[in-house]
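structure_31.csv (CSV, C-alpha atoms)
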chain,number,residue,atom,x,y,z
C,28,MET,CA,0.5,-32.2,-4.1
C,29,ASN,CA,3.2,-29.8,-4.9
C,30,ARG,CA,1.8,-26.3,-4.8
C,31,THR,CA,5.2,-24.5,-5.0
C,32,GLN,CA,6.3,-22.5,-8.0
C,33,LYS,CA,9.9,-21.4,-8.6
C,34,LEU,CA,10.4,-17.8,-9.9
C,35,ASN,CA,13.7,-17.1,-11.5
C,36,TYR,CA,15.0,-13.5,-11.3
C,37,SER,CA,18.0,-12.4,-13.4
C,38,ILE,CA,20.1,-10.1,-11.2
C,39,ILE,CA,21.6,-7.1,-13.0
C,40,SER,CA,25.0,-5.9,-11.6
C,41,SER,CA,25.0,-2.2,-10.9
C,42,LYS,CA,28.8,-2.0,-11.1
C,43,THR,CA,29.1,-3.0,-14.8
C,44,LYS,CA,28.5,-0.4,-17.4
C,45,ASN,CA,26.7,-2.7,-19.9
C,46,LYS,CA,24.1,-3.6,-17.2
C,47,LYS,CA,24.1,-7.3,-18.1
C,48,CYS,CA,22.7,-10.1,-15.9
C,49,ASN,CA,25.5,-11.7,-14.0
C,50,LYS,CA,23.6,-14.2,-11.8
C,51,GLU,CA,20.2,-15.6,-11.1
C,52,LEU,CA,18.1,-15.9,-8.0
C,53,THR,CA,15.3,-18.4,-7.5
C,54,ILE,CA,12.5,-17.9,-4.9
C,55,ASN,CA,9.7,-20.4,-4.1
C,56,LEU,CA,6.2,-19.0,-4.1
C,57,ALA,CA,2.7,-20.5,-4.3
C,58,LYS,CA,1.2,-21.7,-7.5
C,59,LYS,CA,-1.6,-19.6,-9.0
C,60,GLN,CA,-5.0,-20.9,-7.7
C,61,LYS,CA,-8.1,-21.3,-9.9
C,62,ASN,CA,-10.1,-18.7,-8.0
C,63,TYR,CA,-7.2,-16.2,-7.4
C,64,ILE,CA,-9.3,-13.4,-8.8
C,65,TYR,CA,-11.7,-13.7,-5.9
C,66,ILE,CA,-8.9,-13.6,-3.4
C,67,LEU,CA,-7.3,-10.5,-5.0
C,68,HIS,CA,-10.7,-8.8,-5.1
C,69,GLN,CA,-11.4,-9.6,-1.4
C,70,VAL,CA,-8.0,-8.4,-0.2
C,71,LEU,CA,-8.1,-5.3,-2.4
C,72,THR,CA,-11.6,-4.4,-1.0
C,73,GLN,CA,-10.4,-4.9,2.5
C,74,GLN,CA,-7.4,-2.6,2.1
C,75,LEU,CA,-9.3,0.2,0.3
C,76,LEU,CA,-12.0,0.0,3.0
C,77,ASN,CA,-9.4,0.4,5.7
C,78,LEU,CA,-7.9,3.4,3.9
C,79,ARG,CA,-11.2,5.3,3.9
C,80,LYS,CA,-11.3,8.3,6.2
C,81,GLY,CA,-14.7,9.4,7.5
C,82,ASN,CA,-13.9,13.0,8.0
C,83,ALA,CA,-17.5,14.3,7.8
C,84,HIS,CA,-18.5,15.2,11.3
C,85,THR,CA,-21.4,17.3,12.6
C,86,LYS,CA,-21.8,18.4,16.2
C,87,THR,CA,-24.8,17.4,18.4
C,88,ARG,CA,-26.3,19.8,20.9
C,89,ASN,CA,-23.9,18.4,23.5
C,90,GLU,CA,-20.9,19.4,21.5
C,91,VAL,CA,-21.9,22.9,20.4
C,92,ARG,CA,-20.4,25.7,22.4
C,93,GLY,CA,-22.6,27.9,24.6
C,94,GLY,CA,-26.2,27.3,25.6
C,95,GLY,CA,-25.7,27.3,29.4
C,96,LYS,CA,-28.2,29.9,30.2
C,97,LYS,CA,-32.0,29.8,29.4
C,98,PRO,CA,-32.6,32.3,26.6
C,99,TRP,CA,-35.8,33.7,28.3
C,100,LYS,CA,-38.1,32.8,31.1
C,101,GLN,CA,-40.6,30.0,30.6
C,102,LYS,CA,-43.8,31.9,30.6
C,103,GLY,CA,-45.1,35.4,30.0
C,104,THR,CA,-43.1,36.5,27.0
C,105,GLY,CA,-45.5,35.3,24.3
C,106,ARG,CA,-42.7,33.4,22.6
C,107,ALA,CA,-42.2,29.6,22.4
C,108,ARG,CA,-40.5,28.1,25.3
C,109,ALA,CA,-36.7,27.5,24.9
C,110,GLY,CA,-34.2,26.0,27.2
C,111,SER,CA,-31.0,26.4,25.3
C,112,ASN,CA,-29.7,28.0,22.1
C,113,ARG,CA,-27.9,24.8,21.3
C,114,SER,CA,-31.2,23.2,20.3
C,115,PRO,CA,-31.3,21.8,16.7
C,116,LEU,CA,-34.2,24.2,16.1
C,117,TRP,CA,-31.9,27.2,16.5
C,118,ARG,CA,-29.5,28.6,14.0
C,119,GLY,CA,-26.0,27.6,15.1
C,120,GLY,CA,-27.3,24.8,17.2
C,121,GLY,CA,-26.6,21.1,17.1
C,122,VAL,CA,-27.5,18.7,14.2
C,123,VAL,CA,-29.9,15.8,14.8
C,124,PHE,CA,-29.0,13.2,12.2
C,125,GLY,CA,-25.8,14.6,10.6
C,126,PRO,CA,-22.8,12.5,9.5
C,127,ARG,CA,-20.4,11.4,12.2
C,128,THR,CA,-16.7,10.4,12.1
C,129,LYS,CA,-16.4,6.7,11.9
C,130,GLN,CA,-13.8,4.1,11.1
C,131,ASN,CA,-14.5,1.6,8.3
C,132,LEU,CA,-12.4,-1.4,9.4
C,133,SER,CA,-12.6,-4.8,7.8
C,134,LYS,CA,-10.7,-8.0,8.8
C,135,ILE,CA,-9.2,-10.6,6.5
C,136,ASN,CA,-7.3,-13.7,7.3
C,137,ARG,CA,-3.6,-13.4,7.3
C,138,LYS,CA,-3.0,-16.4,5.1
C,139,GLU,CA,-5.4,-15.1,2.5
C,140,LYS,CA,-3.6,-11.8,2.4
C,141,GLN,CA,-0.3,-13.7,2.1
C,142,LEU,CA,-1.6,-15.8,-0.8
C,143,ALA,CA,-2.8,-12.7,-2.6
C,144,LEU,CA,0.6,-11.0,-2.3
C,145,ARG,CA,2.3,-14.1,-3.6
C,146,ILE,CA,0.0,-14.3,-6.6
C,147,LEU,CA,0.7,-10.7,-7.5
C,148,ILE,CA,4.5,-11.2,-7.1
C,149,GLU,CA,4.2,-14.0,-9.6
C,150,ASN,CA,2.0,-12.0,-12.0
C,151,LYS,CA,4.5,-9.1,-12.0
C,152,LEU,CA,7.5,-11.3,-12.8
C,153,ARG,CA,7.8,-10.1,-16.4
C,154,ASP,CA,7.7,-6.4,-15.3
C,155,THR,CA,10.3,-6.8,-12.6
C,156,VAL,CA,13.9,-5.6,-12.9
C,157,ALA,CA,16.2,-7.1,-10.2
C,158,ILE,CA,19.3,-5.1,-9.4
C,159,GLU,CA,22.2,-6.3,-7.2
C,160,ASN,CA,22.9,-3.2,-5.0
C,161,PHE,CA,20.3,-0.6,-6.0
C,162,ILE,CA,20.5,1.3,-2.7
C,163,GLU,CA,24.2,2.0,-3.1
C,164,GLU,CA,23.8,3.6,-6.5
C,165,LEU,CA,22.2,6.8,-5.2
C,166,ASP,CA,24.9,8.5,-3.3
C,167,LYS,CA,22.9,11.7,-2.8
C,168,PRO,CA,19.2,12.7,-2.6
C,169,SER,CA,18.8,13.7,-6.2
C,170,THR,CA,15.6,13.2,-8.2
C,171,LYS,CA,17.3,13.9,-11.5
C,172,LYS,CA,20.0,11.3,-10.7
C,173,LEU,CA,17.5,8.7,-9.7
C,174,LYS,CA,15.7,9.2,-13.1
C,175,ASN,CA,18.9,8.8,-14.9
C,176,ILE,CA,19.7,5.6,-13.0
C,177,LEU,CA,16.3,4.1,-13.8
C,178,GLN,CA,16.7,5.0,-17.5
C,179,THR,CA,20.0,3.1,-17.7
C,180,TYR,CA,18.0,0.0,-16.9
C,181,ASN,CA,15.4,0.8,-19.7
C,182,ILE,CA,12.7,1.8,-17.2
C,183,ASN,CA,10.3,4.4,-18.5
C,184,THR,CA,10.2,7.3,-16.0
C,185,ARG,CA,7.3,9.2,-17.6
C,186,LYS,CA,4.3,10.3,-15.5
C,187,GLN,CA,2.0,7.8,-17.2
C,188,ASN,CA,4.2,4.9,-16.0
C,189,ASN,CA,3.9,3.9,-12.4
C,190,ILE,CA,7.1,2.5,-10.9
C,191,LEU,CA,7.4,0.6,-7.7
C,192,ILE,CA,10.8,0.4,-6.0
C,193,ILE,CA,11.2,-2.4,-3.5
C,194,VAL,CA,14.2,-2.3,-1.2
C,195,SER,CA,15.4,-4.2,1.8
C,196,ARG,CA,15.5,-0.9,3.8
C,197,LYS,CA,14.5,2.7,3.0
C,198,SER,CA,17.6,4.8,2.8
C,199,ARG,CA,17.4,8.6,3.3
C,200,ASN,CA,18.7,9.3,-0.2
C,201,LEU,CA,16.1,7.1,-1.9
C,202,TYR,CA,13.3,8.5,0.3
C,203,LEU,CA,14.2,12.2,-0.5
C,204,ALA,CA,14.6,11.4,-4.2
C,205,THR,CA,11.2,9.7,-4.6
C,206,ARG,CA,8.9,11.6,-2.3
C,207,ASN,CA,8.1,14.4,-4.8
C,208,LEU,CA,7.5,11.9,-7.8
C,209,LYS,CA,3.9,10.9,-8.0
C,210,ASN,CA,4.5,8.0,-10.3
C,211,ILE,CA,7.3,6.4,-8.2
C,212,GLU,CA,6.6,4.7,-4.9
C,213,LEU,CA,9.2,3.4,-2.5
C,214,LEU,CA,8.4,0.3,-0.4
C,215,ALA,CA,10.3,-1.9,2.0
C,216,ALA,CA,10.2,-5.6,1.2
C,217,ASN,CA,8.4,-6.4,4.4
C,218,HIS,CA,5.6,-3.8,3.8
C,219,LEU,CA,4.2,-5.0,0.5
C,220,ASN,CA,0.5,-4.3,-0.2
C,221,ILE,CA,-2.1,-5.2,-2.8
C,222,VAL,CA,-2.8,-1.6,-4.0
C,223,SER,CA,0.8,-0.7,-4.7
C,224,LEU,CA,1.4,-4.0,-6.6
C,225,LEU,CA,-1.8,-3.7,-8.7
C,226,LYS,CA,-1.3,-0.1,-9.9
C,227,THR,CA,2.3,-0.4,-10.8
C,228,ASN,CA,3.5,-0.9,-14.4
C,229,GLN,CA,7.2,-1.7,-13.6
C,230,ILE,CA,8.9,-3.0,-10.5
C,231,VAL,CA,12.5,-2.3,-9.5
C,232,ILE,CA,13.7,-4.6,-6.7
C,233,ASP,CA,16.9,-4.9,-4.8
C,234,GLU,CA,18.6,-8.3,-4.5
C,235,ASP,CA,18.4,-8.1,-0.7
C,236,ALA,CA,14.7,-7.4,-1.0
C,237,LEU,CA,14.2,-10.5,-3.0
C,238,ASN,CA,15.8,-12.6,-0.2
C,239,ILE,CA,13.5,-11.0,2.3
C,240,ILE,CA,10.4,-11.7,0.1
C,241,ASN,CA,11.6,-15.3,-0.3
C,242,ASP,CA,11.8,-15.6,3.5
C,243,ILE,CA,8.4,-14.0,4.2
C,244,TYR,CA,6.3,-15.4,1.4
C,245,ASN,CA,8.0,-18.8,0.9
C,246,GLU,CA,5.4,-21.5,0.4
C,247,GLU,CA,7.2,-23.8,2.8
C,248,LYS,CA,6.2,-21.6,5.7
C,249,TYR,CA,2.5,-22.0,4.8
C,250,LYS,CA,2.5,-25.6,3.5
C,251,ARG,CA,-0.3,-26.5,5.9
C,252,TYR,CA,-2.6,-23.9,4.3
C,253,ASN,CA,-4.6,-25.6,1.5
C,254,PHE,CA,-6.7,-23.0,-0.4
C,255,SER,CA,-8.5,-24.3,-3.4

Before we go any further, please render this structure as structure tokens.
Amino acid sequence: MNRTQKLNYSIISSKTKNKKCNKELTINLAKKQKNYIYILHQVLTQQLLNLRKGNAHTKTRNEVRGGGKKPWKQKGTGRARAGSNRSPLWRGGGVVFGPRTKQNLSKINRKEKQLALRILIENKLRDTVAIENFIEELDKPSTKKLKNILQTYNINTRKQNNILIIVSRKSRNLYLATRNLKNIELLAANHLNIVSLLKTNQIVIDEDALNIINDIYNEEKYKRYNFS
């Protein structure tokens, strides 16, 4: 059974002023499965769980500073016996059942994650703008110039519109121009993830990044994987 789907991308030349499509690039990805919603949900849950940070941390009596000396002698004072001021009964002492720092790690099969990414790439095809040499357009780290470049390709740069820029490599100019924009995210083609693809409204992708995606997520590499 042929489970391969061809995605055609119209590559826009960055050198021409009219920004017309001068060539096309075809990549081979997996066909959309019947239960792809389940796979997307599973991979998304796994990624969000791994991003959680358990920062809440209380100290036990072993971690509280001080308490080396017995507060008072065992008998004869009329007070309750005490061996350390680090006791949970004392103010400033340890906590018995408080929250502790922990890592929430979840594992998912590599091929399931690959399948979920390929499905999202196919779903975002209509919202993707492929540009021939997008990295070379920005000759200096300027946020204003980056917005002007995106607007020439009819990309909405307002705060309500989330934009994902996928490049073959992260250049310094692109990194500095996008780091203070909350609605624009810069990703390398070999570091795609489910959360970034799901929350984006428009994708700007470089031609070299498309070739990398075709090499990594090509269905021929995983033809033995039959998920139905």

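Going from CA of Ser40 in chain C to CA of Asn210 in chain C covers 24.8 Å.
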
Within 8 Å of Trp99 in chain C, counting only C-alpha atoms, which residues show up once you throw out same-chain ones fewer than 3 positions away? Write them as a list of chain:residue names, please.
->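 Once the nearby chain positions are removed, what remains is C:Thr104, C:Arg108, C:Ala109, C:Gly110.
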
Please report, as a tab-separated table, each residue of range 80-190 of chain C lying at most 7 Å from range 231-242 of chain C, together with the nearest pair of atoms and the separation in Å rounded to one decimal; use all atoms listed in the file, and order rows by chain and ascending residue number.
residue	atom	partner	partner_atom	distance
C:Thr155	CA	C:Val231	CA	5.9
C:Val156	CA	C:Val231	CA	4.9
C:Ala157	CA	C:Ile232	CA	5.0
C:Ile158	CA	C:Asp233	CA	5.2
C:Glu159	CA	C:Glu234	CA	4.9
C:Asn160	CA	C:Asp233	CA	6.2
C:Phe161	CA	C:Asp233	CA	5.6

Export, as a PDB file, in the frame of the given file, the selected residues with C-alpha atoms.
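File produced: selection26.pdb:
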ATOM      1  CA  THR C 155      10.300  -6.800 -12.600  1.00  0.00           C
ATOM      2  CA  VAL C 156      13.900  -5.600 -12.900  1.00  0.00           C
ATOM      3  CA  ALA C 157      16.200  -7.100 -10.200  1.00  0.00           C
ATOM      4  CA  ILE C 158      19.300  -5.100  -9.400  1.00  0.00           C
ATOM      5  CA  GLU C 159      22.200  -6.300  -7.200  1.00  0.00           C
ATOM      6  CA  ASN C 160      22.900  -3.200  -5.000  1.00  0.00           C
ATOM      7  CA  PHE C 161      20.300  -0.600  -6.000  1.00  0.00           C
TER       8      PHE C 161
END

Rounded to one decimal in Å, what is the spacing between CA of Ile135 in chain C and CA of Gln73 in chain C?
->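 Separation of CA of Ile135 in chain C and CA of Gln73 in chain C: 7.1 Å.
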
Near-Ser111 in chain C list (8 Å; only C-alpha atoms; drop same-chain fewer than 2 positions) as a ChimeraX atom specification = /C:94-98,109,113-114

Which of C:Ile230, C:Leu116, C:Val123, C:Ala83 sits closest to Arg153 in chain C [using all atoms listed in the file] =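 Comparing C:Ile230, C:Leu116, C:Val123, C:Ala83 against Arg153 in chain C, the winner is C:Ile230.
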
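Proximity of C:Lys167, C:Arg206, C:Arg79, C:His218 to Ser133 in chain C, computed with only C-alpha atoms, is greatest for C:Arg79.
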
Among the residues C:Val194, C:Leu225, C:Tyr63, C:Leu152, the one that comes closest to Tyr36 in chain C [using only C-alpha atoms] |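 Under the stated criterion, the closest residue is C:Leu152.
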
Write out as a PyMOL selection string each polymer residue whose atoms come within 8 Å of Asn188 in chain C, counting only C-alpha atoms; drop sequence neighbours fewer than 6 positions from it.
-> chain C and resi 210+227-229

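CA of Lys226 in chain C sits 24.1 Å away from CA of Asn200 in chain C.
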
Closest of C:Gly119, C:Ile243, C:Gln69, C:Ala204 to Arg92 in chain C, counting only C-alpha atoms, is C:Gly119

Between C:Arg145, C:Lys172, C:Arg88, C:Arg199, single out the one closest to Pro115 in chain C, counting all atoms listed in the file.
->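 Looking at the shortest contact to Pro115 in chain C, the residue is C:Arg88.
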
All residues 12 Å or closer to Thr85 in chain C, all atoms listed in the file, same chain fewer than 2 positions away omitted, as a PDB file with C-alpha atoms, in the coordinates of the input:
ATOM      1  CA  GLY C  81     -14.700   9.400   7.500  1.00  0.00           C
ATOM      2  CA  ASN C  82     -13.900  13.000   8.000  1.00  0.00           C
ATOM      3  CA  ALA C  83     -17.500  14.300   7.800  1.00  0.00           C
ATOM      4  CA  THR C  87     -24.800  17.400  18.400  1.00  0.00           C
ATOM      5  CA  ARG C  88     -26.300  19.800  20.900  1.00  0.00           C
ATOM      6  CA  ASN C  89     -23.900  18.400  23.500  1.00  0.00           C
ATOM      7  CA  GLU C  90     -20.900  19.400  21.500  1.00  0.00           C
ATOM      8  CA  VAL C  91     -21.900  22.900  20.400  1.00  0.00           C
ATOM      9  CA  PRO C 115     -31.300  21.800  16.700  1.00  0.00           C
ATOM     10  CA  GLY C 119     -26.000  27.600  15.100  1.00  0.00           C
ATOM     11  CA  GLY C 120     -27.300  24.800  17.200  1.00  0.00           C
ATOM     12  CA  GLY C 121     -26.600  21.100  17.100  1.00  0.00           C
ATOM     13  CA  VAL C 122     -27.500  18.700  14.200  1.00  0.00           C
ATOM     14  CA  VAL C 123     -29.900  15.800  14.800  1.00  0.00           C
ATOM     15  CA  PHE C 124     -29.000  13.200  12.200  1.00  0.00           C
ATOM     16  CA  GLY C 125     -25.800  14.600  10.600  1.00  0.00           C
ATOM     17  CA  PRO C 126     -22.800  12.500   9.500  1.00  0.00           C
ATOM     18  CA  ARG C 127     -20.400  11.400  12.200  1.00  0.00           C
ATOM     19  CA  THR C 128     -16.700  10.400  12.100  1.00  0.00           C
ATOM     20  CA  LYS C 129     -16.400   6.700  11.900  1.00  0.00           C
TER      21      LYS C 129
END

Residues at most 10 Å from Arg196 in chain C, counting all atoms listed in the file, excluding those fewer than 4 positions away in the same chain, as a short mmCIF file (atom, residue, chain, number, x, y, z; two decimals) with C-alpha atoms, in the coordinates of the input?
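Saved the output as part14.cif:
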data_model
loop_
_atom_site.label_atom_id
_atom_site.label_comp_id
_atom_site.auth_asym_id
_atom_site.auth_seq_id
_atom_site.Cartn_x
_atom_site.Cartn_y
_atom_site.Cartn_z
CA ILE C 162 20.50 1.30 -2.70
CA LEU C 201 16.10 7.10 -1.90
CA LEU C 213 9.20 3.40 -2.50
CA LEU C 214 8.40 0.30 -0.40
CA ALA C 215 10.30 -1.90 2.00
CA ALA C 216 10.20 -5.60 1.20
CA ASN C 217 8.40 -6.40 4.40
CA ASP C 233 16.90 -4.90 -4.80
CA ASP C 235 18.40 -8.10 -0.70
CA ALA C 236 14.70 -7.40 -1.00
#

C:Leu144, C:Leu177, C:Leu76, C:Ile64: which is nearest Leu219 in chain C, counting all atoms listed in the file?
->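 Under the stated criterion, the closest residue is C:Leu144.
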